[in-house]
file protein22.cif (mmCIF, C-alpha atoms)
data_upload
loop_
_atom_site.label_atom_id
_atom_site.label_comp_id
_atom_site.auth_asym_id
_atom_site.auth_seq_id
_atom_site.Cartn_x
_atom_site.Cartn_y
_atom_site.Cartn_z
CA MET A 1 89.32 63.65 118.77
CA ALA A 2 91.66 66.56 118.12
CA ASN A 3 90.40 70.11 118.65
CA ARG A 4 89.25 71.74 115.44
CA ILE A 5 87.17 74.63 116.72
CA ILE A 6 88.31 77.14 119.35
CA THR A 7 85.74 79.42 120.99
CA ILE A 8 86.97 82.40 122.95
CA SER A 9 84.80 84.05 125.59
CA ARG A 10 86.37 87.07 127.25
CA GLU A 11 86.04 89.92 129.67
CA PHE A 12 86.05 93.32 128.01
CA GLY A 13 89.60 94.68 127.71
CA SER A 14 91.28 91.35 128.50
CA GLY A 15 92.72 90.98 124.99
CA GLY A 16 90.60 87.92 124.17
CA ARG A 17 89.91 89.08 120.63
CA THR A 18 93.61 89.82 120.02
CA ILE A 19 94.54 86.39 121.40
CA GLY A 20 91.95 84.77 119.11
CA LYS A 21 93.44 86.50 116.08
CA MET A 22 97.00 85.52 117.08
CA VAL A 23 96.00 81.88 117.52
CA ALA A 24 94.18 81.82 114.16
CA LYS A 25 97.15 83.42 112.40
CA GLU A 26 99.60 80.97 113.95
CA LEU A 27 97.40 78.01 113.01
CA ASN A 28 96.55 79.48 109.63
CA ILE A 29 92.79 79.11 110.16
CA PRO A 30 90.06 81.78 109.99
CA CYS A 31 89.06 83.84 113.02
CA TYR A 32 85.39 84.86 113.14
CA ASP A 33 84.55 87.96 115.11
CA ASN A 34 83.13 91.00 113.32
CA GLU A 35 82.37 88.81 110.31
CA ILE A 36 79.55 87.17 112.27
CA LEU A 37 78.08 90.56 113.10
CA GLU A 38 78.23 91.62 109.47
CA LYS A 39 76.62 88.41 108.26
CA LEU A 40 73.93 88.69 110.92
CA ALA A 41 73.10 92.18 109.69
CA GLU A 42 73.08 91.03 106.09
CA GLU A 43 70.85 88.05 106.71
CA SER A 44 68.44 89.69 109.14
CA GLY A 45 68.09 92.92 107.21
CA PHE A 46 68.90 95.06 110.27
CA THR A 47 71.81 97.50 110.40
CA LYS A 48 75.11 96.33 111.87
CA GLU A 49 74.74 98.83 114.74
CA TYR A 50 71.28 97.57 115.61
CA VAL A 51 72.43 93.94 115.55
CA LYS A 52 75.39 94.79 117.77
CA GLU A 53 73.21 96.58 120.26
CA GLN A 54 70.54 93.87 120.33
CA SER A 55 73.00 91.05 120.76
CA GLU A 56 74.80 92.77 123.58
CA TYR A 57 71.80 93.48 125.76
CA ALA A 58 69.90 90.82 127.61
CA PRO A 59 66.23 90.82 126.72
CA HIS A 60 63.90 92.82 128.94
CA PRO A 61 63.15 90.86 132.12
CA ALA A 62 59.44 91.09 131.30
CA TRP A 63 59.71 88.69 128.43
CA PHE A 64 56.32 89.45 126.88
CA MET A 65 57.11 93.20 126.91
CA ASN A 66 60.18 92.51 124.87
CA THR A 67 58.18 90.50 122.39
CA LEU A 68 55.52 93.21 122.16
CA LEU A 69 58.02 96.03 121.75
CA ASN A 70 60.31 94.32 119.27
CA ARG A 71 58.04 91.96 117.43
CA ASN A 72 58.63 91.35 113.79
CA GLY A 73 57.15 89.41 110.93
CA HIS A 74 58.38 86.15 112.42
CA GLY A 75 56.16 86.41 115.48
CA MET A 76 59.07 86.68 117.84
CA SER A 77 61.20 89.47 119.29
CA ASN A 78 64.02 90.82 117.15
CA GLN A 79 66.50 89.56 119.70
CA ASP A 80 65.16 86.02 119.56
CA TYR A 81 65.11 86.18 115.78
CA LEU A 82 68.76 87.29 115.77
CA TRP A 83 69.65 84.55 118.28
CA ILE A 84 68.17 81.90 116.00
CA ILE A 85 70.10 83.16 112.97
CA GLN A 86 73.27 83.45 115.06
CA GLN A 87 72.99 79.83 116.23
CA ARG A 88 72.61 78.50 112.71
CA MET A 89 75.37 80.75 111.40
CA ILE A 90 77.88 79.58 114.03
CA GLN A 91 76.96 75.94 113.48
CA ASP A 92 77.51 76.41 109.73
CA ILE A 93 80.88 78.10 110.34
CA ALA A 94 82.02 75.19 112.53
CA GLU A 95 80.95 72.70 109.85
CA LYS A 96 83.08 74.46 107.24
CA GLY A 97 86.37 73.63 108.95
CA PRO A 98 88.84 74.50 111.72
CA CYS A 99 88.48 78.05 113.03
CA VAL A 100 88.52 80.44 115.99
CA ILE A 101 85.20 82.03 117.04
CA VAL A 102 85.32 85.05 119.35
CA GLY A 103 82.32 85.67 121.62
CA ARG A 104 78.70 85.32 120.41
CA CYS A 105 78.05 82.41 122.83
CA GLY A 106 79.97 80.14 120.44
CA ASP A 107 80.98 77.86 123.34
CA TYR A 108 77.33 77.24 124.18
CA ILE A 109 76.05 76.97 120.62
CA LEU A 110 78.72 74.36 119.77
CA ARG A 111 78.71 72.60 123.15
CA ASP A 112 77.84 69.18 121.72
CA ARG A 113 80.89 69.02 119.46
CA HIS A 114 83.76 66.86 120.68
CA ASP A 115 86.33 68.78 118.63
CA LEU A 116 85.67 72.02 120.52
CA LEU A 117 88.16 73.80 122.79
CA LYS A 118 86.37 76.34 125.00
CA VAL A 119 88.59 79.20 126.16
CA PHE A 120 87.86 82.03 128.62
CA ILE A 121 90.17 85.06 128.87
CA HIS A 122 90.01 87.42 131.82
CA ALA A 123 92.27 89.88 133.63
CA ASP A 124 92.16 92.14 136.66
CA PHE A 125 90.70 95.62 136.60
CA GLU A 126 94.03 97.46 136.35
CA PHE A 127 95.23 95.52 133.32
CA ARG A 128 91.92 95.83 131.47
CA SER A 129 91.58 99.47 132.37
CA ASN A 130 95.00 100.35 130.95
CA ARG A 131 94.33 98.23 127.91
CA ILE A 132 90.99 99.76 126.90
CA ILE A 133 92.49 103.25 127.12
CA LYS A 134 95.39 102.11 124.93
CA VAL A 135 93.20 100.25 122.41
CA TYR A 136 89.95 102.25 122.35
CA GLY A 137 91.18 105.60 123.69
CA GLU A 138 89.93 107.78 126.54
CA THR A 139 86.25 108.70 126.76
CA GLU A 140 84.27 110.96 129.05
CA GLU A 141 82.88 107.90 130.79
CA PRO A 142 85.15 106.62 133.58
CA THR A 143 87.06 103.43 132.73
CA GLU A 144 85.54 101.56 135.65
CA LYS A 145 82.05 102.21 134.33
CA ARG A 146 83.00 101.23 130.77
CA LEU A 147 84.37 97.91 132.00
CA SER A 148 81.57 97.04 134.37
CA ASP A 149 78.80 98.04 131.92
CA LYS A 150 80.21 95.93 129.13
CA ASP A 151 80.85 92.89 131.33
CA ARG A 152 77.42 93.16 132.89
CA LYS A 153 75.74 93.22 129.48
CA ARG A 154 77.76 90.28 128.15
CA LYS A 155 77.02 88.26 131.26
CA ALA A 156 73.30 89.04 131.15
CA TYR A 157 72.96 88.21 127.45
CA TYR A 158 74.93 85.00 127.87
CA GLN A 159 72.96 83.88 130.89
CA PHE A 160 69.65 84.71 129.29
CA TYR A 161 70.19 82.64 126.17
CA THR A 162 72.34 79.82 127.54
CA ASP A 163 71.06 79.46 131.11
CA THR A 164 74.71 78.90 132.01
CA GLU A 165 76.93 80.98 134.28
CA TRP A 166 79.42 83.15 132.43
CA GLY A 167 82.98 83.02 133.74
CA LYS A 168 82.64 79.84 135.78
CA ALA A 169 85.84 77.79 135.33
CA GLU A 170 84.04 74.48 134.82
CA ASN A 171 82.26 75.81 131.73
CA TYR A 172 85.56 76.19 129.84
CA HIS A 173 88.39 73.80 129.03
CA ILE A 174 90.94 76.49 129.75
CA ALA A 175 90.63 79.89 131.44
CA LEU A 176 93.58 82.28 131.43
CA ASP A 177 94.40 85.54 133.18
CA SER A 178 95.97 87.48 130.31
CA GLY A 179 97.25 90.17 132.69
CA LYS A 180 99.28 87.69 134.71
CA ILE A 181 100.27 85.32 131.91
CA GLY A 182 100.69 87.80 129.06
CA ILE A 183 98.81 87.98 125.77
CA GLN A 184 101.48 86.28 123.65
CA ARG A 185 101.88 83.46 126.18
CA CYS A 186 98.11 82.90 126.30
CA ALA A 187 98.07 82.62 122.51
CA ASP A 188 100.99 80.15 122.62
CA ILE A 189 99.29 77.92 125.21
CA ILE A 190 96.03 77.81 123.23
CA THR A 191 97.87 77.18 119.96
CA GLY A 192 99.66 74.28 121.65
CA LEU A 193 96.33 72.65 122.47
CA PHE A 194 95.08 72.59 118.90
CA MET B 1 108.27 89.07 139.06
CA ALA B 2 108.61 85.39 138.20
CA ASN B 3 106.27 82.86 139.76
CA ARG B 4 107.78 81.12 142.76
CA ILE B 5 104.75 79.66 144.46
CA ILE B 6 102.06 77.59 142.73
CA THR B 7 98.76 76.93 144.50
CA ILE B 8 96.47 74.24 143.16
CA SER B 9 92.76 74.24 143.95
CA ARG B 10 90.86 71.32 142.50
CA GLU B 11 87.62 69.47 142.15
CA PHE B 12 87.63 66.05 143.79
CA GLY B 13 88.81 63.39 141.35
CA SER B 14 90.17 65.86 138.78
CA GLY B 15 93.79 64.82 139.34
CA GLY B 16 94.79 68.20 140.81
CA ARG B 17 96.96 66.61 143.49
CA THR B 18 98.70 64.37 140.94
CA ILE B 19 99.30 67.36 138.68
CA GLY B 20 100.76 69.31 141.62
CA LYS B 21 103.18 66.48 142.36
CA MET B 22 104.20 66.17 138.70
CA VAL B 23 104.86 69.91 138.45
CA ALA B 24 106.90 69.92 141.68
CA LYS B 25 108.94 66.91 140.53
CA GLU B 26 109.65 68.48 137.15
CA LEU B 27 110.69 71.77 138.77
CA ASN B 28 112.54 70.03 141.57
CA ILE B 29 110.70 71.94 144.29
CA PRO B 30 108.65 70.61 147.23
CA CYS B 31 104.92 69.87 146.94
CA TYR B 32 102.92 70.43 150.13
CA ASP B 33 99.75 68.46 150.51
CA ASN B 34 99.44 65.90 153.31
CA GLU B 35 102.46 67.47 155.01
CA ILE B 36 100.34 70.50 155.91
CA LEU B 37 97.71 68.25 157.47
CA GLU B 38 100.34 66.42 159.49
CA LYS B 39 101.93 69.64 160.71
CA LEU B 40 98.52 71.07 161.58
CA ALA B 41 97.80 68.00 163.71
CA GLU B 42 101.21 68.20 165.34
CA GLU B 43 100.94 71.87 166.17
CA SER B 44 97.30 71.92 167.25
CA GLY B 45 97.45 68.73 169.30
CA PHE B 46 94.45 67.23 167.49
CA THR B 47 94.58 63.94 165.59
CA LYS B 48 95.21 64.01 161.84
CA GLU B 49 91.72 62.59 161.20
CA TYR B 50 90.07 65.28 163.31
CA VAL B 51 92.03 68.03 161.57
CA LYS B 52 91.10 66.61 158.18
CA GLU B 53 87.44 66.45 159.07
CA GLN B 54 87.34 69.93 160.60
CA SER B 55 89.11 71.57 157.72
CA GLU B 56 86.84 69.97 155.16
CA TYR B 57 83.53 71.01 156.65
CA ALA B 58 82.29 74.55 156.62
CA PRO B 59 81.47 75.81 160.10
CA HIS B 60 77.88 75.49 161.26
CA PRO B 61 75.76 78.24 159.69
CA ALA B 62 74.77 79.39 163.17
CA TRP B 63 78.18 80.75 163.93
CA PHE B 64 77.73 81.08 167.70
CA MET B 65 76.57 77.42 167.91
CA ASN B 66 79.80 76.36 166.32
CA THR B 67 81.80 78.35 168.81
CA LEU B 68 79.80 76.94 171.71
CA LEU B 69 80.04 73.35 170.53
CA ASN B 70 83.70 73.37 169.60
CA ARG B 71 85.21 75.97 171.86
CA ASN B 72 88.67 75.40 173.21
CA GLY B 73 91.15 77.07 175.53
CA HIS B 74 91.77 79.82 172.98
CA GLY B 75 88.24 81.18 173.24
CA MET B 76 87.43 80.29 169.64
CA SER B 77 86.02 77.28 167.80
CA ASN B 78 88.44 74.47 166.93
CA GLN B 79 87.87 75.21 163.29
CA ASP B 80 88.82 78.86 163.67
CA TYR B 81 91.84 77.88 165.71
CA LEU B 82 92.94 75.45 162.97
CA TRP B 83 92.31 78.09 160.31
CA ILE B 84 94.62 80.53 162.10
CA ILE B 85 97.42 77.95 162.40
CA GLN B 86 96.88 76.92 158.76
CA GLN B 87 97.23 80.51 157.54
CA ARG B 88 100.49 81.05 159.41
CA MET B 89 101.83 77.66 158.33
CA ILE B 90 101.17 78.31 154.63
CA GLN B 91 102.67 81.78 154.84
CA ASP B 92 105.79 80.28 156.44
CA ILE B 93 106.03 77.59 153.76
CA ALA B 94 105.84 80.23 151.02
CA GLU B 95 108.56 82.26 152.71
CA LYS B 96 110.91 79.27 152.73
CA GLY B 97 111.20 79.07 148.94
CA PRO B 98 109.59 77.97 145.66
CA CYS B 99 106.97 75.24 146.09
CA VAL B 100 103.61 73.81 145.07
CA ILE B 101 100.76 73.94 147.60
CA VAL B 102 97.71 71.73 146.99
CA GLY B 103 94.39 72.85 148.42
CA ARG B 104 94.01 74.32 151.93
CA CYS B 105 92.89 77.73 150.54
CA GLY B 106 96.55 78.44 149.70
CA ASP B 107 95.49 80.73 146.85
CA TYR B 108 93.52 82.93 149.24
CA ILE B 109 96.04 82.86 152.08
CA LEU B 110 98.87 83.92 149.75
CA ARG B 111 96.76 86.27 147.59
CA ASP B 112 98.94 89.33 148.25
CA ARG B 113 102.13 87.74 146.89
CA HIS B 114 103.17 88.83 143.42
CA ASP B 115 105.15 85.64 142.82
CA LEU B 116 102.03 83.45 143.11
CA LEU B 117 100.49 81.40 140.31
CA LYS B 118 96.93 80.35 141.19
CA VAL B 119 95.76 77.20 139.42
CA PHE B 120 92.34 75.53 139.38
CA ILE B 121 91.88 71.98 138.06
CA HIS B 122 88.46 70.61 137.19
CA ALA B 123 86.92 67.95 134.96
CA ASP B 124 83.52 66.67 133.99
CA PHE B 125 81.59 64.14 136.02
CA GLU B 126 82.44 61.14 133.83
CA PHE B 127 86.19 61.70 133.98
CA ARG B 128 86.21 62.30 137.74
CA SER B 129 83.91 59.41 138.38
CA ASN B 130 86.13 56.94 136.51
CA ARG B 131 89.20 58.39 138.17
CA ILE B 132 88.05 58.12 141.77
CA ILE B 133 87.11 54.47 141.23
CA LYS B 134 90.56 53.85 139.73
CA VAL B 135 92.45 55.78 142.43
CA TYR B 136 90.37 55.26 145.57
CA GLY B 137 88.47 52.10 144.65
CA GLU B 138 84.76 51.32 144.68
CA THR B 139 82.68 52.01 147.79
CA GLU B 140 79.09 51.32 148.72
CA GLU B 141 78.30 54.98 148.26
CA PRO B 142 77.45 55.87 144.65
CA THR B 143 80.21 57.74 142.80
CA GLU B 144 77.91 60.67 142.08
CA LYS B 145 77.29 61.18 145.80
CA ARG B 146 81.00 60.87 146.64
CA LEU B 147 81.87 63.55 144.13
CA SER B 148 79.11 65.98 144.99
CA ASP B 149 79.59 65.61 148.76
CA LYS B 150 83.29 66.29 148.61
CA ASP B 151 82.95 69.24 146.23
CA ARG B 152 80.14 70.73 148.28
CA LYS B 153 82.23 70.55 151.45
CA ARG B 154 85.31 72.05 149.82
CA LYS B 155 83.24 74.86 148.33
CA ALA B 156 81.49 75.62 151.61
CA TYR B 157 84.70 75.63 153.64
CA TYR B 158 86.45 77.82 151.07
CA GLN B 159 83.60 80.29 150.85
CA PHE B 160 83.20 80.50 154.60
CA TYR B 161 86.81 81.39 155.32
CA THR B 162 87.69 83.37 152.21
CA ASP B 163 84.37 85.01 151.28
CA THR B 164 85.34 84.28 147.69
CA GLU B 165 83.60 82.08 145.16
CA TRP B 166 85.29 78.73 144.59
CA GLY B 167 85.71 77.75 140.96
CA LYS B 168 85.15 81.19 139.45
CA ALA B 169 87.64 81.64 136.59
CA GLU B 170 88.63 85.18 137.56
CA ASN B 171 89.92 83.98 140.94
CA TYR B 172 92.68 81.92 139.28
CA HIS B 173 95.46 82.73 136.85
CA ILE B 174 94.84 79.51 135.00
CA ALA B 175 91.99 77.00 135.15
CA LEU B 176 92.27 73.71 133.28
CA ASP B 177 89.90 70.87 132.44
CA SER B 178 92.13 67.86 133.10
CA GLY B 179 89.65 65.50 131.43
CA LYS B 180 89.79 67.38 128.14
CA ILE B 181 93.43 68.48 128.23
CA GLY B 182 94.97 65.46 129.94
CA ILE B 183 96.82 65.27 133.25
CA GLN B 184 100.34 65.24 131.77
CA ARG B 185 99.52 68.16 129.46
CA CYS B 186 98.10 70.20 132.37
CA ALA B 187 101.31 69.59 134.33
CA ASP B 188 103.40 70.65 131.31
CA ILE B 189 101.45 73.89 130.83
CA ILE B 190 101.79 74.84 134.52
CA THR B 191 105.49 73.93 134.57
CA GLY B 192 105.98 76.18 131.56
CA LEU B 193 104.57 79.14 133.49
CA PHE B 194 107.02 78.86 136.38
#

call {"tool": "encode", "arguments": {"input": "protein22.cif", "output": "structure tokens"}}
result
Amino acid sequence: MANRIITISREFGSGGRTIGKMVAKELNIPCYDNEILEKLAEESGFTKEYVKEQSEYAPHPAWFMNTLLNRNGHGMSNQDYLWIIQQRMIQDIAEKGPCVIVGRCGDYILRDRHDLLKVFIHADFEFRSNRIIKVYGETEEPTEKRLSDKDRKRKAYYQFYTDTEWGKAENYHIALDSGKIGIQRCADIITGLF
Amino acid sequence: MANRIITISREFGSGGRTIGKMVAKELNIPCYDNEILEKLAEESGFTKEYVKEQSEYAPHPAWFMNTLLNRNGHGMSNQDYLWIIQQRMIQDIAEKGPCVIVGRCGDYILRDRHDLLKVFIHADFEFRSNRIIKVYGETEEPTEKRLSDKDRKRKAYYQFYTDTEWGKAENYHIALDSGKIGIQRCADIITGLF
């Protein structure tokens, strides 16, 4: 079966989101990224900032503490509640038609689909460091810390909810080093696999 | 700098060797695979079978035991001795001109070269299982055991000598699932990056 859905997992600063948008534009299909966050906020009733924060941090290691501290009317932690909505939302998006989904554990949530192409984008520290300064600007926090904090959080969240190792080649159909290969070239390769 | 050397690491049965040969043929450059094994045997004085066996098993966890059991006239274990020759041999091959190198920790040995493209080929169990029966024939040993044994040995050997995790996406410039993407398509993508 041909690939209809492309999920893009990425290291922070690797250009994964940009590549996703380029692929979607070239293929003339929607790219879901911030839209998922906005819909999650809308459906859950939380603010967009809260949703972003909750879905970027792995739950507290003491599971019951997390549930006690963040419990809501559904008898579960806010994070679990958001995870359930997110799963349904991404499954619905995939049902609608061909698309690109950036992040949000899309690769895991849609793992049983045969029309799924799972992509991972990464790059070395130097490339990502230069890129986050260019894209997001300088901050007081050192670049190294910004990169490692963000990656650590993504990894922890992913591993918590999927029980799968983030960044392991065998979990993706294609993994590309955007620093070595180039952002445009990465987008071209992925587009060619659709 | 353009890529001149392509190293291919691969899971057993994924078609990595075949892909390497196809890429080399298309680019009209040499592909080193069994040749390295033969040269290692020639230079070390060991038989080809012994070299193959030694360079596929990780040294004994009790390092000193390994040295005691396999010591030779060079004051080191046979495995370490072979590793040293292998490193020099692969560096010499890369110096000679553009080529494809399959396995043998080529990616690690040549890691400081800027003209290196590091490739990892993998595939799911079903694809690899069918492929090893087709390529190597049936044996009394169950396919599952053949695959896991070989991968385990490759991983252990690689990790012992390189102190780097085998199969982690960030250690390669491109990692491809040959079962999903197809062997010919993988070869085409890699050729396009040369």

call {"tool": "residues_around", "arguments": {"input": "protein22.cif", "residues": "Gly20 in chain A", "least_positions_apart": "5", "cutoff": "8 Å", "atoms": "all atoms listed in the file", "output": "PDB file with C-alpha atoms, in the coordinates of the input"}}
result
ATOM      1  CA  ILE A   8      86.970  82.400 122.950  1.00  0.00           C
ATOM      2  CA  CYS A  31      89.060  83.840 113.020  1.00  0.00           C
ATOM      3  CA  VAL A 100      88.520  80.440 115.990  1.00  0.00           C
ATOM      4  CA  ILE A 101      85.200  82.030 117.040  1.00  0.00           C
ATOM      5  CA  VAL A 102      85.320  85.050 119.350  1.00  0.00           C
ATOM      6  CA  ALA A 187      98.070  82.620 122.510  1.00  0.00           C
TER       7      ALA A 187
END

call {"tool": "resolve_selection", "arguments": {"input": "protein22.cif", "expression": "the PyMOL selection byres ((chain A) within 7 of (chain B))", "output": "PDB file with C-alpha atoms, in the coordinates of the input"}}
result
ATOM      1  CA  HIS A 122      90.010  87.420 131.820  1.00  0.00           C
ATOM      2  CA  GLY A 167      82.980  83.020 133.740  1.00  0.00           C
ATOM      3  CA  LYS A 168      82.640  79.840 135.780  1.00  0.00           C
ATOM      4  CA  ALA A 169      85.840  77.790 135.330  1.00  0.00           C
ATOM      5  CA  GLU A 170      84.040  74.480 134.820  1.00  0.00           C
ATOM      6  CA  HIS A 173      88.390  73.800 129.030  1.00  0.00           C
ATOM      7  CA  ILE A 174      90.940  76.490 129.750  1.00  0.00           C
ATOM      8  CA  ALA A 175      90.630  79.890 131.440  1.00  0.00           C
ATOM      9  CA  LEU A 176      93.580  82.280 131.430  1.00  0.00           C
ATOM     10  CA  ASP A 177      94.400  85.540 133.180  1.00  0.00           C
ATOM     11  CA  LYS A 180      99.280  87.690 134.710  1.00  0.00           C
TER      12      LYS A 180
END

call {"tool": "residues_near_point", "arguments": {"input": "protein22.cif", "point": "(111.0, 69.7, 135.4)", "cutoff": "10 Å", "atoms": "all atoms listed in the file", "output": "list of chain:residue names"}}
result
B:Met22, B:Val23, B:Ala24, B:Lys25, B:Glu26, B:Leu27, B:Asn28, B:Ile29, B:Ala187, B:Asp188, B:Thr191, B:Gly192

call {"tool": "write_last_selection", "arguments": {"input": "protein22.cif", "atoms": "C-alpha atoms", "output": "mmCIF file, in the frame of the given file"}}
result
data_model
loop_
_atom_site.group_PDB
_atom_site.id
_atom_site.type_symbol
_atom_site.label_atom_id
_atom_site.label_comp_id
_atom_site.auth_asym_id
_atom_site.auth_seq_id
_atom_site.Cartn_x
_atom_site.Cartn_y
_atom_site.Cartn_z
ATOM 1 C CA MET B 22 104.200 66.170 138.700
ATOM 2 C CA VAL B 23 104.860 69.910 138.450
ATOM 3 C CA ALA B 24 106.900 69.920 141.680
ATOM 4 C CA LYS B 25 108.940 66.910 140.530
ATOM 5 C CA GLU B 26 109.650 68.480 137.150
ATOM 6 C CA LEU B 27 110.690 71.770 138.770
ATOM 7 C CA ASN B 28 112.540 70.030 141.570
ATOM 8 C CA ILE B 29 110.700 71.940 144.290
ATOM 9 C CA ALA B 187 101.310 69.590 134.330
ATOM 10 C CA ASP B 188 103.400 70.650 131.310
ATOM 11 C CA THR B 191 105.490 73.930 134.570
ATOM 12 C CA GLY B 192 105.980 76.180 131.560
#

call {"tool": "atom_distance", "arguments": {"input": "protein22.cif", "atom1": "CA of Ser44 in chain B", "atom2": "CA of Ile85 in chain B"}}
result
7.7 Å

call {"tool": "atom_distance", "arguments": {"input": "protein22.cif", "atom1": "CA of Pro98 in chain B", "atom2": "CA of Asp80 in chain B"}}
result
27.5 Å

call {"tool": "build_atoms", "arguments": {"input": "protein22.cif", "residues": "range 119-132 of chain A", "atoms": "N, CA, C and O atoms", "output": "mmCIF file, in the frame of the given file"}}
result
data_model
loop_
_atom_site.group_PDB
_atom_site.id
_atom_site.type_symbol
_atom_site.label_atom_id
_atom_site.label_comp_id
_atom_site.auth_asym_id
_atom_site.auth_seq_id
_atom_site.Cartn_x
_atom_site.Cartn_y
_atom_site.Cartn_z
ATOM 1 N N VAL A 119 87.602 78.363 125.471
ATOM 2 C CA VAL A 119 88.590 79.200 126.160
ATOM 3 C C VAL A 119 87.894 80.401 126.806
ATOM 4 O O VAL A 119 86.965 80.964 126.228
ATOM 5 N N PHE A 120 88.349 80.788 127.986
ATOM 6 C CA PHE A 120 87.860 82.030 128.620
ATOM 7 C C PHE A 120 89.081 82.874 128.978
ATOM 8 O O PHE A 120 90.030 82.388 129.582
ATOM 9 N N ILE A 121 89.061 84.143 128.567
ATOM 10 C CA ILE A 121 90.170 85.060 128.870
ATOM 11 C C ILE A 121 89.662 86.151 129.805
ATOM 12 O O ILE A 121 88.635 86.781 129.546
ATOM 13 N N HIS A 122 90.388 86.372 130.867
ATOM 14 C CA HIS A 122 90.010 87.420 131.820
ATOM 15 C C HIS A 122 91.282 88.097 132.334
ATOM 16 O O HIS A 122 92.397 87.629 132.059
ATOM 17 N N ALA A 123 91.110 89.194 133.041
ATOM 18 C CA ALA A 123 92.270 89.880 133.630
ATOM 19 C C ALA A 123 91.745 90.813 134.717
ATOM 20 O O ALA A 123 90.541 91.118 134.754
ATOM 21 N N ASP A 124 92.631 91.276 135.578
ATOM 22 C CA ASP A 124 92.160 92.140 136.660
ATOM 23 C C ASP A 124 91.820 93.542 136.132
ATOM 24 O O ASP A 124 92.122 93.889 134.987
ATOM 25 N N PHE A 125 91.203 94.313 136.994
ATOM 26 C CA PHE A 125 90.700 95.620 136.600
ATOM 27 C C PHE A 125 91.803 96.527 136.058
ATOM 28 O O PHE A 125 91.632 97.178 135.022
ATOM 29 N N GLU A 126 92.936 96.552 136.732
ATOM 30 C CA GLU A 126 94.030 97.460 136.350
ATOM 31 C C GLU A 126 94.522 97.174 134.921
ATOM 32 O O GLU A 126 94.670 98.080 134.107
ATOM 33 N N PHE A 127 94.742 95.901 134.644
ATOM 34 C CA PHE A 127 95.230 95.520 133.320
ATOM 35 C C PHE A 127 94.226 95.895 132.233
ATOM 36 O O PHE A 127 94.572 96.483 131.211
ATOM 37 N N ARG A 128 92.952 95.578 132.486
ATOM 38 C CA ARG A 128 91.920 95.830 131.470
ATOM 39 C C ARG A 128 91.685 97.333 131.298
ATOM 40 O O ARG A 128 91.458 97.833 130.198
ATOM 41 N N SER A 129 91.780 98.030 132.403
ATOM 42 C CA SER A 129 91.580 99.470 132.370
ATOM 43 C C SER A 129 92.655 100.145 131.511
ATOM 44 O O SER A 129 92.356 100.955 130.624
ATOM 45 N N ASN A 130 93.902 99.792 131.753
ATOM 46 C CA ASN A 130 95.000 100.350 130.950
ATOM 47 C C ASN A 130 94.857 99.966 129.488
ATOM 48 O O ASN A 130 95.127 100.761 128.593
ATOM 49 N N ARG A 131 94.402 98.719 129.271
ATOM 50 C CA ARG A 131 94.330 98.230 127.910
ATOM 51 C C ARG A 131 93.221 98.892 127.095
ATOM 52 O O ARG A 131 93.415 99.202 125.921
ATOM 53 N N ILE A 132 92.065 99.146 127.702
ATOM 54 C CA ILE A 132 90.990 99.760 126.900
ATOM 55 C C ILE A 132 91.328 101.213 126.564
ATOM 56 O O ILE A 132 90.943 101.707 125.518
#
